[in-house]
Amino acid sequence: MAEPVRAEDSPAPAPLLELERVRIRGRAGVLIERFDLALSAGESVALMGPSGCGKSLLLRVAAGLDRPDAGNRRASDASRAGFVFQEGGLLRNVTVEENLRLPLYYRGIGYAAARGQALAALEEFGVADFAEERPSELLNETRILVQLARAAALGANLIFLDDPFPLLAQTAEMRVARWLAAGLETSRLAVMMTAVEPQSVPQSLSPVVVSLGGRTTREDVDI
């Protein structure tokens, strides 16, 4: 079996996520073949390639939202996933605040405490003013920030991002990059993201880049 892609060559903690010999098929045939990955806290990976190469499909498999056509996915019992998509990703029929509060409530946290955590997370990402809005009323940038606020409120430590940065203005991008970089530096987060071009990945995240489309390569990003 090929050596798993790692963000560090030095010994790493037990992985939060492992993919083994994953195969993913698209309409035109096999897009991803025998893909291996091990991702631990403090590590980040960017799946990079042109539209249609399978990077978003692979991200969804890694996130546990879809099954691969072959291969295995294993997530540690310690992993808590947070998802950020360009479209969707939020419950449409409830408010922004409820999108954060309800998952906390279902974990057994009382109304007042859950609402407090939800509003604090929205404030952290600069979107508290939208707490009573519905997701359909939000711009793409705001929806992305709300999804990240939800991940923060829920204590997610394994963050999946589907190419969000091109949709963010500079101020929002800096806010998101600071939060992710701080989590990586303290080994509080592991991050897996997709991107079309290296320029769309904030330099501070310094992910390992896995190039998809034709062949898979491994290199440290330098942008």
# chains A, B, ... in the order shown; residues from 1 in each chain; ligands from 1
>>> residues_around(residues="A:Arg34", least_positions_apart="5", cutoff="6 Å", atoms="only C-alpha atoms", output="CSV table (one decimal) with C-alpha atoms, in the first residue's frame")
chain,number,residue,atom,x,y,z
A,21,ARG,CA,-7.2,2.8,-1.0
A,22,VAL,CA,-10.2,5.0,-1.7
A,23,ARG,CA,-11.7,4.9,-5.2
>>> closest_atom_pairs(of="stretch 31-103 of chain A", to="stretch 164-180 of chain A", cutoff="8 Å", atoms="only C-alpha atoms", output="Markdown table")
| residue | atom | partner | partner_atom | distance |
| --- | --- | --- | --- | --- |
| A:Val84 | CA | A:Pro164 | CA | 7.4 |
| A:Phe85 | CA | A:Pro164 | CA | 7.0 |
| A:Gln86 | CA | A:Pro164 | CA | 6.0 |
>>> atom_distance(atom1="atom CA of A:Asp77", atom2="atom CA of A:Gly42")
17.0 Å
>>> closest_residue(among="A:Leu17, A:Leu100, A:Val209, A:Val127", to="A:Ile159", atoms="only C-alpha atoms")
A:Leu17
>>> select_by_dssp(residues="stretch 11-187 of chain A", states="helix (DSSP H, G or I)", output="number ranges by chain")
A: 55-62, 96-106, 111-124, 128-130, 135-137, 140-153, 165-167, 170-185
>>> closest_residue(among="A:Arg80, A:Arg27, A:Arg60, A:Arg134", to="A:Leu158", atoms="only C-alpha atoms")
A:Arg80
>>> closest_residue(among="A:Pro198, A:Pro207, A:Gly52, A:Gly108", to="A:Leu31", atoms="only C-alpha atoms")
A:Gly52
